[in-house]
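Okay, structure-v5.tsv now, which holds TSV, C-alpha atoms:
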```
chain	number	residue	atom	x	y	z
X	1	MET	CA	75.33	204.73	89.71
X	2	ILE	CA	77.61	202.13	88.17
X	3	ASN	CA	76.93	201.12	84.63
X	4	LEU	CA	76.57	197.29	84.71
X	5	LYS	CA	77.09	196.93	80.97
X	6	LYS	CA	80.56	198.47	81.22
X	7	LEU	CA	81.40	196.32	84.24
X	8	PHE	CA	80.68	192.97	82.57
X	9	ARG	CA	81.88	193.85	79.08
X	10	ARG	CA	84.72	191.63	77.80
X	11	LYS	CA	87.88	193.27	76.85
X	12	LYS	CA	89.28	192.45	73.41
X	13	GLY	CA	92.70	191.33	74.68
X	14	GLN	CA	91.24	188.74	77.03
X	15	GLY	CA	90.18	186.42	74.16
X	16	ALA	CA	93.64	186.44	72.62
X	17	LEU	CA	95.21	185.33	75.90
X	18	GLU	CA	92.78	182.42	76.19
X	19	TYR	CA	93.64	181.27	72.66
X	20	LEU	CA	97.33	181.43	73.50
X	21	PHE	CA	96.82	179.10	76.45
X	22	MET	CA	94.80	176.68	74.32
X	23	ILE	CA	97.52	176.59	71.64
X	24	ALA	CA	100.20	176.02	74.29
X	25	ALA	CA	98.21	173.14	75.80
X	26	ALA	CA	97.74	171.56	72.36
X	27	LEU	CA	101.48	171.83	71.62
X	28	ILE	CA	102.34	170.19	74.93
X	29	ILE	CA	99.96	167.31	74.21
X	30	ILE	CA	101.43	166.86	70.70
X	31	PHE	CA	104.98	166.88	72.13
X	32	VAL	CA	104.12	164.22	74.73
X	33	VAL	CA	102.47	161.97	72.12
X	34	VAL	CA	105.43	162.27	69.72
X	35	ARG	CA	107.90	161.43	72.52
X	36	TYR	CA	105.86	158.40	73.51
X	37	ILE	CA	105.56	157.10	69.95
X	38	SER	CA	109.26	157.58	69.16
X	39	GLY	CA	110.26	155.77	72.37
X	40	THR	CA	107.98	152.86	71.53
X	41	GLY	CA	109.44	152.67	68.02
X	42	GLN	CA	113.00	152.49	69.33
X	43	GLN	CA	112.05	149.74	71.75
X	44	ALA	CA	110.41	147.75	68.96
X	45	THR	CA	113.53	148.12	66.80
X	46	SER	CA	115.70	146.84	69.64
X	47	GLN	CA	113.41	143.84	70.17
X	48	SER	CA	113.47	142.98	66.46
X	49	ASP	CA	117.29	143.16	66.45
X	50	ILE	CA	117.45	140.70	69.35
X	51	ALA	CA	114.94	138.41	67.62
X	52	ALA	CA	117.04	138.39	64.44
X	53	LEU	CA	120.16	137.51	66.43
X	54	GLN	CA	118.28	134.78	68.30
X	55	SER	CA	117.28	133.17	65.01
X	56	GLN	CA	120.93	133.47	63.89
X	57	ALA	CA	121.88	131.64	67.12
X	58	GLU	CA	119.57	128.78	66.14
X	59	LEU	CA	121.27	128.49	62.75
X	60	VAL	CA	124.75	128.52	64.32
X	61	LYS	CA	123.66	125.92	66.86
X	62	SER	CA	122.45	123.50	64.17
X	63	SER	CA	125.58	124.09	62.10
X	64	PHE	CA	127.88	123.50	65.08
X	65	GLN	CA	125.95	120.39	66.11
X	66	SER	CA	126.48	118.93	62.66
X	67	LYS	CA	130.23	119.63	62.97
X	68	GLY	CA	130.37	118.19	66.48
X	69	TRP	CA	131.33	121.54	67.99
X	70	TRP	CA	128.24	122.02	70.16
X	71	GLU	CA	129.60	120.94	73.53
X	72	THR	CA	130.27	122.58	76.86
X	73	SER	CA	133.99	122.27	76.06
X	74	THR	CA	133.60	124.77	73.21
X	75	TRP	CA	134.45	128.22	74.54
X	76	VAL	CA	133.97	131.75	73.22
X	77	TYR	CA	136.61	134.33	74.12
X	78	THR	CA	136.68	138.06	73.60
X	79	THR	CA	138.21	141.04	75.38
X	80	ALA	CA	136.85	144.55	75.75
X	81	ASN	CA	137.66	146.98	72.94
X	82	SER	CA	138.72	144.15	70.65
X	83	ASN	CA	137.12	143.30	67.33
X	84	THR	CA	138.18	139.64	67.46
X	85	LEU	CA	136.08	136.75	68.70
X	86	GLN	CA	137.82	133.43	69.26
X	87	LEU	CA	136.25	130.02	69.37
X	88	GLY	CA	138.33	127.45	71.25
X	89	GLY	CA	138.11	123.84	72.30
X	90	VAL	CA	137.01	122.60	68.88
X	91	SER	CA	138.87	120.24	66.60
X	92	GLY	CA	141.26	122.21	64.45
X	93	GLY	CA	140.66	125.33	66.59
X	94	PRO	CA	140.97	127.92	67.92
X	95	TYR	CA	139.18	129.90	65.28
X	96	SER	CA	139.25	133.70	65.11
X	97	TYR	CA	136.42	135.80	63.77
X	98	THR	CA	136.75	139.53	63.24
X	99	PHE	CA	133.79	141.87	63.39
X	100	SER	CA	133.04	145.55	63.02
X	101	GLN	CA	132.70	147.69	66.12
X	102	ASN	CA	129.80	149.51	64.43
X	103	ASP	CA	127.90	146.28	63.69
X	104	TYR	CA	128.34	144.79	67.18
X	105	PRO	CA	128.92	147.62	69.69
X	106	GLU	CA	127.85	145.62	72.77
X	107	LEU	CA	130.14	142.73	71.84
X	108	TYR	CA	133.00	145.16	71.19
X	109	GLN	CA	132.66	146.57	74.71
X	110	ALA	CA	132.23	143.16	76.38
X	111	SER	CA	134.89	140.96	77.89
X	112	PHE	CA	133.96	137.36	78.52
X	113	ASN	CA	135.11	133.77	78.45
X	114	VAL	CA	132.09	131.49	78.35
X	115	SER	CA	131.04	128.14	76.93
X	116	ILE	CA	129.06	128.30	73.71
X	117	THR	CA	126.09	126.60	75.36
X	118	THR	CA	126.02	129.25	78.11
X	119	ALA	CA	126.24	132.04	75.53
X	120	TYR	CA	123.35	130.42	73.68
X	121	SER	CA	121.26	130.20	76.87
X	122	ASN	CA	121.98	133.85	77.71
X	123	CYS	CA	121.02	134.90	74.19
X	124	GLN	CA	117.76	132.97	74.16
X	125	ALA	CA	116.81	134.38	77.57
X	126	GLY	CA	116.77	137.75	75.79
X	127	ASN	CA	118.66	139.64	78.47
X	128	ASN	CA	122.19	139.57	77.03
X	129	LEU	CA	122.63	141.34	73.70
X	130	SER	CA	126.38	140.73	73.56
X	131	ALA	CA	125.76	136.96	73.85
X	132	CYS	CA	123.39	137.20	70.88
X	133	GLN	CA	125.94	139.21	68.93
X	134	VAL	CA	128.42	136.33	69.39
X	135	PHE	CA	126.16	134.24	67.18
X	136	GLY	CA	125.82	137.06	64.70
X	137	VAL	CA	129.61	137.03	64.31
X	138	LEU	CA	129.84	133.24	64.19
X	139	GLY	CA	127.11	133.11	61.58
X	140	GLY	CA	128.65	135.87	59.48
X	141	SER	CA	125.66	138.15	60.04
X	142	THR	CA	125.86	141.94	60.13
X	143	SER	CA	122.60	142.33	62.07
```
Produce structure tokens that represent the structure in this file.
Amino acid sequence: MINLKKLFRRKKGQGALEYLFMIAAALIIIFVVVRYISGTGQQATSQSDIAALQSQAELVKSSFQSKGWWETSTWVYTTANSNTLQLGGVSGGPYSYTFSQNDYPELYQASFNVSITTAYSNCQAGNNLSACQVFGVLGGSTS
């Protein structure tokens, strides 16, 4: 006859294996949470950078309006891989502004020729970081 006690007795190694699976599951959950939180933090940082540049754009706009430079005839020029931004079509212009590639990487990589009012509209729409960085350069900001 079969001894039922021996048949249903737990083996000592079986408990250790279950604990290993529980620890692995906990580590996976922790890893997923950390990845999610770090991704959300980076997105928030990017949004705050754009917001700072948008406020800089407002300051540049009011300054240029007081100088009479805020017109559709005022153009912003830059070429890709150049650290010079030129402002043309203004009295006494063109003006050249240099900037650091590290401070404005999107603007450094961009190549455009656009009116200042269009650059302002693109910046305020929040979908064009290089347009916002134009106003950072014009305002003397390093944001």
Legend entry - For Tyr77 of chain X, the nearest of the candidates X:Ala131, X:Val34, X:Leu17, X:Leu59, counting only C-alpha atoms: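 Counting only C-alpha atoms, the residue closest to Tyr77 of chain X is X:Ala131.
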Inset, instruction - Identify which of the residues X:Phe135, X:Phe99, X:Tyr108, X:Trp69 lies closest to Cys123 of chain X, counting only C-alpha atoms when measuring atom-to-atom distances. - result: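 Selected residue with least distance to Cys123 of chain X: X:Phe135.
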Legend entry - Option closest in space to Gly68 of chain X, from X:Val90, X:Ile28, X:Val33, X:Ile50 [counting all atoms listed in the file]: X:Val90
Legend entry - Minimum-distance residue to Gln56 of chain X, chosen among X:Gly136, X:Pro94, X:Pro105, X:Gly88 (using all atoms listed in the file):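 Looking at the shortest contact to Gln56 of chain X, the residue is X:Gly136.
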Inset, instruction - Find the residues around Tyr120 of chain X up to 9 Å (all atoms listed in the file counted), leave out those fewer than 5 positions away in its own chain, and share them as a PyMOL selection string. - result: chain X and resi 54+57-58+61+115+125+131-132+134-135
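Of the listed residues X:Ala25, X:Val60, X:Leu53, X:Leu87, the one whose atoms come nearest to Tyr104 of chain X is X:Leu53, with distances taken using only C-alpha atoms.
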Inset, instruction - For atom CA of Ser73 of chain X and atom CA of Thr118 of chain X, quote the distance in Å rounded to one decimal. - result: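 Atom CA of Ser73 of chain X sits 10.8 Å away from atom CA of Thr118 of chain X.
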Legend entry - Shell of 9 Å around Ser111 of chain X, all atoms listed in the file, local chain residues under 3 positions omitted, as JSON, numbers by chain: {"X": [77, 78, 79, 80, 81, 82, 107, 108]}
Output C-alpha atoms for every residue in that selection, as a PDB file, keeping the file's coordinate frame.
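What ended up in out.pdb:
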```pdb
ATOM      1  CA  TYR X  77     136.610 134.330  74.120  1.00  0.00           C
ATOM      2  CA  THR X  78     136.680 138.060  73.600  1.00  0.00           C
ATOM      3  CA  THR X  79     138.210 141.040  75.380  1.00  0.00           C
ATOM      4  CA  ALA X  80     136.850 144.550  75.750  1.00  0.00           C
ATOM      5  CA  ASN X  81     137.660 146.980  72.940  1.00  0.00           C
ATOM      6  CA  SER X  82     138.720 144.150  70.650  1.00  0.00           C
ATOM      7  CA  LEU X 107     130.140 142.730  71.840  1.00  0.00           C
ATOM      8  CA  TYR X 108     133.000 145.160  71.190  1.00  0.00           C
TER       9      TYR X 108
END
```
